[in-house]
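For reference, run-v3.txt is printed below; it contains compact mmCIF, N, CA and C atoms.
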```
# COMPACT_ATOMS: atom_id res chain seq x y z
N MET D 206 -31.06 -19.96 -125.47
CA MET D 206 -29.70 -20.27 -125.85
C MET D 206 -28.71 -19.43 -125.04
N ARG D 207 -29.14 -18.26 -124.61
CA ARG D 207 -28.26 -17.41 -123.80
C ARG D 207 -27.84 -18.13 -122.53
N ASP D 208 -28.80 -18.70 -121.83
CA ASP D 208 -28.50 -19.39 -120.58
C ASP D 208 -27.61 -20.60 -120.81
N LEU D 209 -27.85 -21.32 -121.90
CA LEU D 209 -27.02 -22.47 -122.24
C LEU D 209 -25.58 -22.03 -122.51
N TYR D 210 -25.43 -20.98 -123.31
CA TYR D 210 -24.09 -20.45 -123.60
C TYR D 210 -23.37 -20.06 -122.32
N LEU D 211 -24.04 -19.33 -121.45
CA LEU D 211 -23.40 -18.88 -120.21
C LEU D 211 -23.04 -20.07 -119.32
N ALA D 212 -23.86 -21.11 -119.31
CA ALA D 212 -23.57 -22.28 -118.49
C ALA D 212 -22.35 -23.03 -119.01
N VAL D 213 -22.21 -23.08 -120.31
CA VAL D 213 -21.10 -23.83 -120.91
C VAL D 213 -19.80 -23.01 -120.87
N MET D 214 -19.89 -21.72 -121.09
CA MET D 214 -18.69 -20.89 -121.22
C MET D 214 -18.18 -20.35 -119.89
N GLU D 215 -18.91 -20.52 -118.83
CA GLU D 215 -18.53 -20.00 -117.52
C GLU D 215 -18.25 -18.50 -117.61
N ASP D 216 -17.09 -18.06 -117.17
CA ASP D 216 -16.77 -16.63 -117.18
C ASP D 216 -15.83 -16.24 -118.31
N LYS D 217 -15.72 -17.07 -119.35
CA LYS D 217 -14.84 -16.76 -120.46
C LYS D 217 -15.43 -15.64 -121.30
N ARG D 218 -14.59 -14.72 -121.69
CA ARG D 218 -15.02 -13.63 -122.57
C ARG D 218 -14.82 -14.05 -124.02
N ILE D 219 -15.58 -13.46 -124.93
CA ILE D 219 -15.39 -13.80 -126.35
C ILE D 219 -14.14 -13.12 -126.90
N LEU D 220 -13.78 -12.00 -126.35
CA LEU D 220 -12.56 -11.30 -126.74
C LEU D 220 -11.77 -11.00 -125.46
N VAL D 221 -10.52 -11.38 -125.44
CA VAL D 221 -9.69 -11.16 -124.26
C VAL D 221 -8.43 -10.42 -124.68
N ALA D 222 -8.14 -9.34 -123.99
CA ALA D 222 -6.94 -8.55 -124.30
C ALA D 222 -5.69 -9.24 -123.78
N ARG D 223 -4.60 -8.98 -124.45
CA ARG D 223 -3.30 -9.48 -123.98
C ARG D 223 -2.80 -8.58 -122.86
N ASP D 224 -2.16 -9.19 -121.88
CA ASP D 224 -1.62 -8.42 -120.76
C ASP D 224 -0.20 -7.93 -121.02
N ASP D 225 0.45 -8.42 -122.06
CA ASP D 225 1.86 -8.15 -122.27
C ASP D 225 2.15 -7.01 -123.24
N ILE D 226 1.19 -6.13 -123.48
CA ILE D 226 1.42 -5.01 -124.40
C ILE D 226 2.10 -3.88 -123.63
N PRO D 227 3.31 -3.51 -124.05
CA PRO D 227 4.01 -2.43 -123.35
C PRO D 227 3.36 -1.07 -123.60
N SER D 228 3.34 -0.23 -122.60
CA SER D 228 2.76 1.12 -122.71
C SER D 228 3.82 2.07 -123.22
N ARG D 229 3.93 2.19 -124.52
CA ARG D 229 4.97 3.03 -125.13
C ARG D 229 4.42 4.36 -125.63
N CYS D 230 3.11 4.45 -125.76
CA CYS D 230 2.50 5.68 -126.25
C CYS D 230 1.06 5.74 -125.75
N ARG D 231 0.34 6.78 -126.11
CA ARG D 231 -1.04 6.93 -125.66
C ARG D 231 -1.93 5.78 -126.15
N ILE D 232 -1.63 5.32 -127.35
CA ILE D 232 -2.44 4.25 -127.92
C ILE D 232 -2.20 2.95 -127.17
N SER D 233 -0.95 2.53 -127.09
CA SER D 233 -0.67 1.24 -126.43
C SER D 233 -0.99 1.29 -124.94
N ALA D 234 -0.91 2.45 -124.33
CA ALA D 234 -1.21 2.57 -122.90
C ALA D 234 -2.71 2.39 -122.62
N ASN D 235 -3.54 2.63 -123.62
CA ASN D 235 -4.99 2.60 -123.42
C ASN D 235 -5.73 1.58 -124.29
N ILE D 236 -4.99 0.84 -125.10
CA ILE D 236 -5.65 -0.05 -126.06
C ILE D 236 -6.43 -1.16 -125.36
N ASN D 237 -5.93 -1.70 -124.26
CA ASN D 237 -6.66 -2.75 -123.55
C ASN D 237 -7.99 -2.24 -123.00
N ALA D 238 -7.99 -1.06 -122.43
CA ALA D 238 -9.23 -0.49 -121.92
C ALA D 238 -10.22 -0.23 -123.05
N PHE D 239 -9.71 0.26 -124.18
CA PHE D 239 -10.55 0.51 -125.35
C PHE D 239 -11.20 -0.78 -125.82
N PHE D 240 -10.39 -1.81 -126.04
CA PHE D 240 -10.94 -3.07 -126.55
C PHE D 240 -11.77 -3.81 -125.50
N ALA D 241 -11.54 -3.57 -124.23
CA ALA D 241 -12.39 -4.16 -123.20
C ALA D 241 -13.81 -3.62 -123.34
N GLU D 242 -13.93 -2.35 -123.65
CA GLU D 242 -15.25 -1.74 -123.85
C GLU D 242 -15.90 -2.29 -125.12
N VAL D 243 -15.12 -2.41 -126.19
CA VAL D 243 -15.63 -2.97 -127.44
C VAL D 243 -16.08 -4.42 -127.21
N ALA D 244 -15.27 -5.20 -126.48
CA ALA D 244 -15.60 -6.59 -126.20
C ALA D 244 -16.88 -6.70 -125.38
N THR D 245 -17.06 -5.81 -124.43
CA THR D 245 -18.29 -5.81 -123.62
C THR D 245 -19.50 -5.53 -124.49
N ASP D 246 -19.37 -4.55 -125.38
CA ASP D 246 -20.48 -4.25 -126.30
C ASP D 246 -20.78 -5.44 -127.21
N ALA D 247 -19.74 -6.08 -127.73
CA ALA D 247 -19.92 -7.23 -128.62
C ALA D 247 -20.55 -8.40 -127.87
N GLU D 248 -20.09 -8.65 -126.67
CA GLU D 248 -20.64 -9.75 -125.89
C GLU D 248 -22.10 -9.49 -125.52
N THR D 249 -22.43 -8.26 -125.18
CA THR D 249 -23.81 -7.90 -124.87
C THR D 249 -24.70 -8.15 -126.08
N ALA D 250 -24.24 -7.74 -127.25
CA ALA D 250 -25.01 -7.95 -128.48
C ALA D 250 -25.19 -9.44 -128.76
N MET D 251 -24.12 -10.22 -128.57
CA MET D 251 -24.21 -11.65 -128.81
C MET D 251 -25.18 -12.31 -127.82
N LEU D 252 -25.10 -11.94 -126.55
CA LEU D 252 -25.99 -12.51 -125.54
C LEU D 252 -27.45 -12.12 -125.81
N ASP D 253 -27.66 -10.89 -126.27
CA ASP D 253 -29.02 -10.47 -126.64
C ASP D 253 -29.56 -11.33 -127.79
N THR D 254 -28.70 -11.58 -128.79
CA THR D 254 -29.08 -12.42 -129.93
C THR D 254 -29.39 -13.84 -129.47
N LEU D 255 -28.53 -14.40 -128.64
CA LEU D 255 -28.77 -15.75 -128.11
C LEU D 255 -30.05 -15.79 -127.27
N GLY D 256 -30.33 -14.71 -126.57
CA GLY D 256 -31.53 -14.64 -125.75
C GLY D 256 -32.82 -14.70 -126.55
N ARG D 257 -32.74 -14.35 -127.83
CA ARG D 257 -33.92 -14.41 -128.69
C ARG D 257 -34.08 -15.78 -129.36
N ARG D 258 -33.16 -16.69 -129.11
CA ARG D 258 -33.23 -18.03 -129.71
C ARG D 258 -33.57 -19.05 -128.64
N ASN D 259 -34.32 -20.07 -129.04
CA ASN D 259 -34.60 -21.14 -128.09
C ASN D 259 -33.93 -22.43 -128.55
N ILE D 260 -33.91 -23.41 -127.68
CA ILE D 260 -33.21 -24.65 -127.97
C ILE D 260 -33.87 -25.40 -129.13
N ALA D 261 -35.19 -25.46 -129.15
CA ALA D 261 -35.88 -26.20 -130.21
C ALA D 261 -35.59 -25.61 -131.59
N ASP D 262 -35.67 -24.30 -131.73
CA ASP D 262 -35.39 -23.67 -133.02
C ASP D 262 -33.92 -23.83 -133.40
N SER D 263 -33.04 -23.74 -132.42
CA SER D 263 -31.61 -23.89 -132.68
C SER D 263 -31.29 -25.31 -133.13
N LEU D 264 -31.92 -26.30 -132.50
CA LEU D 264 -31.71 -27.68 -132.91
C LEU D 264 -32.22 -27.90 -134.34
N ALA D 265 -33.37 -27.34 -134.65
CA ALA D 265 -33.90 -27.45 -136.01
C ALA D 265 -32.93 -26.83 -137.02
N GLU D 266 -32.34 -25.71 -136.68
CA GLU D 266 -31.38 -25.05 -137.57
C GLU D 266 -30.12 -25.90 -137.73
N LEU D 267 -29.64 -26.49 -136.64
CA LEU D 267 -28.48 -27.37 -136.72
C LEU D 267 -28.76 -28.58 -137.61
N LEU D 268 -29.93 -29.15 -137.48
CA LEU D 268 -30.30 -30.30 -138.31
C LEU D 268 -30.42 -29.90 -139.78
N ARG D 269 -30.96 -28.70 -140.04
CA ARG D 269 -31.05 -28.20 -141.41
C ARG D 269 -29.67 -28.03 -142.01
N LEU D 270 -28.76 -27.43 -141.24
CA LEU D 270 -27.39 -27.23 -141.71
C LEU D 270 -26.69 -28.56 -141.94
N ASP D 271 -26.96 -29.54 -141.07
CA ASP D 271 -26.34 -30.85 -141.23
C ASP D 271 -26.86 -31.54 -142.49
N ALA D 272 -28.13 -31.39 -142.79
CA ALA D 272 -28.68 -31.98 -144.01
C ALA D 272 -28.01 -31.40 -145.24
N ILE D 273 -27.76 -30.10 -145.23
CA ILE D 273 -27.05 -29.45 -146.34
C ILE D 273 -25.63 -29.99 -146.43
N ARG D 274 -24.97 -30.11 -145.29
CA ARG D 274 -23.60 -30.64 -145.26
C ARG D 274 -23.56 -32.05 -145.81
N MET D 275 -24.50 -32.88 -145.40
CA MET D 275 -24.51 -34.28 -145.85
C MET D 275 -24.70 -34.39 -147.36
N LYS D 276 -25.47 -33.48 -147.95
CA LYS D 276 -25.67 -33.49 -149.40
C LYS D 276 -24.39 -33.17 -150.14
N ARG D 277 -23.51 -32.41 -149.51
CA ARG D 277 -22.25 -32.01 -150.15
C ARG D 277 -21.18 -33.08 -150.07
N LEU D 278 -21.31 -34.01 -149.12
CA LEU D 278 -20.29 -35.04 -148.94
C LEU D 278 -20.34 -36.05 -150.07
N PRO D 279 -19.18 -36.60 -150.42
CA PRO D 279 -19.18 -37.69 -151.40
C PRO D 279 -19.99 -38.89 -150.85
N ILE D 280 -20.51 -39.69 -151.73
CA ILE D 280 -21.35 -40.82 -151.32
C ILE D 280 -20.62 -41.75 -150.38
N THR D 281 -19.33 -42.01 -150.59
CA THR D 281 -18.58 -42.91 -149.72
C THR D 281 -18.46 -42.34 -148.31
N ALA D 282 -18.35 -41.01 -148.19
CA ALA D 282 -18.28 -40.39 -146.87
C ALA D 282 -19.62 -40.48 -146.17
N ASN D 283 -20.72 -40.35 -146.90
CA ASN D 283 -22.05 -40.47 -146.30
C ASN D 283 -22.26 -41.86 -145.70
N ALA D 284 -21.77 -42.88 -146.37
CA ALA D 284 -21.93 -44.24 -145.89
C ALA D 284 -21.16 -44.47 -144.59
N ALA D 285 -20.02 -43.79 -144.45
CA ALA D 285 -19.19 -43.96 -143.27
C ALA D 285 -19.83 -43.33 -142.03
N GLU D 286 -20.67 -42.33 -142.21
CA GLU D 286 -21.31 -41.66 -141.08
C GLU D 286 -22.58 -42.35 -140.79
```
For this file, produce the structure as structure tokens.
Amino acid sequence: MRDLYLAVMEDKRILVARDDIPSRCRISANINAFFAEVATDAETAMLDTLGRRNIADSLAELLRLDAIRMKRLPITANAAE
């Protein structure tokens, strides 16, 4: 799943800092660098998690979740799908 995610998302980060934060104090002057490091750690953890999943198991999980969702829908909505 890691490779699939990377292929679909290209170079997009899961967390992206804003460029328009004025540097008015020590915090605002360094907050983007701080959160860039946090985002890198979070993305690494997410990619590691995705790397432990395969497409077949992920599809089975999606189908299981969809079956639960379908049970919650009103009968008229089930007929429409």
Just how far from CA of Met206 in chain D is CA of Leu252 in chain D, in Å to one decimal?
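One can read the CA of Leu252 in chain D to CA of Met206 in chain D distance as 8.6 Å.
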Identify all residues of chain D in helix (DSSP H, G or I) (DSSP on the backbone) and supply them as a PyMOL selection string.
chain D and resi 207-214+231-256+260-277+280-285
Between CA of Asp253 in chain D and CA of Asn237 in chain D, what is the distance in Å, rounded to a tenth?
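Here the two named atoms are 23.9 Å from each other.
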Atom pair CA of Leu264 in chain D / CA of Leu209 in chain D: separation (Å):
12.8 Å
Calculated over only C-alpha atoms, which of the candidates D:Leu255, D:Ala265, D:Val243, D:Leu278 has the smallest distance to Tyr210 in chain D?
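Selected residue with least distance to Tyr210 in chain D: D:Leu255.
Using only C-alpha atoms, the contacts of Glu248 in chain D at a cut-off of 12 Å, with sequence neighbours closer than 3 positions omitted, comprise Arg207, Tyr210, Leu211, Asp216, Lys217, Arg218, Ile219, Leu220, Val221, Phe240, Ala241, Glu242, Val243, Ala244, Thr245, Met251, Leu252, Asp253, Thr254, Leu255 and Gly256 of chain D.
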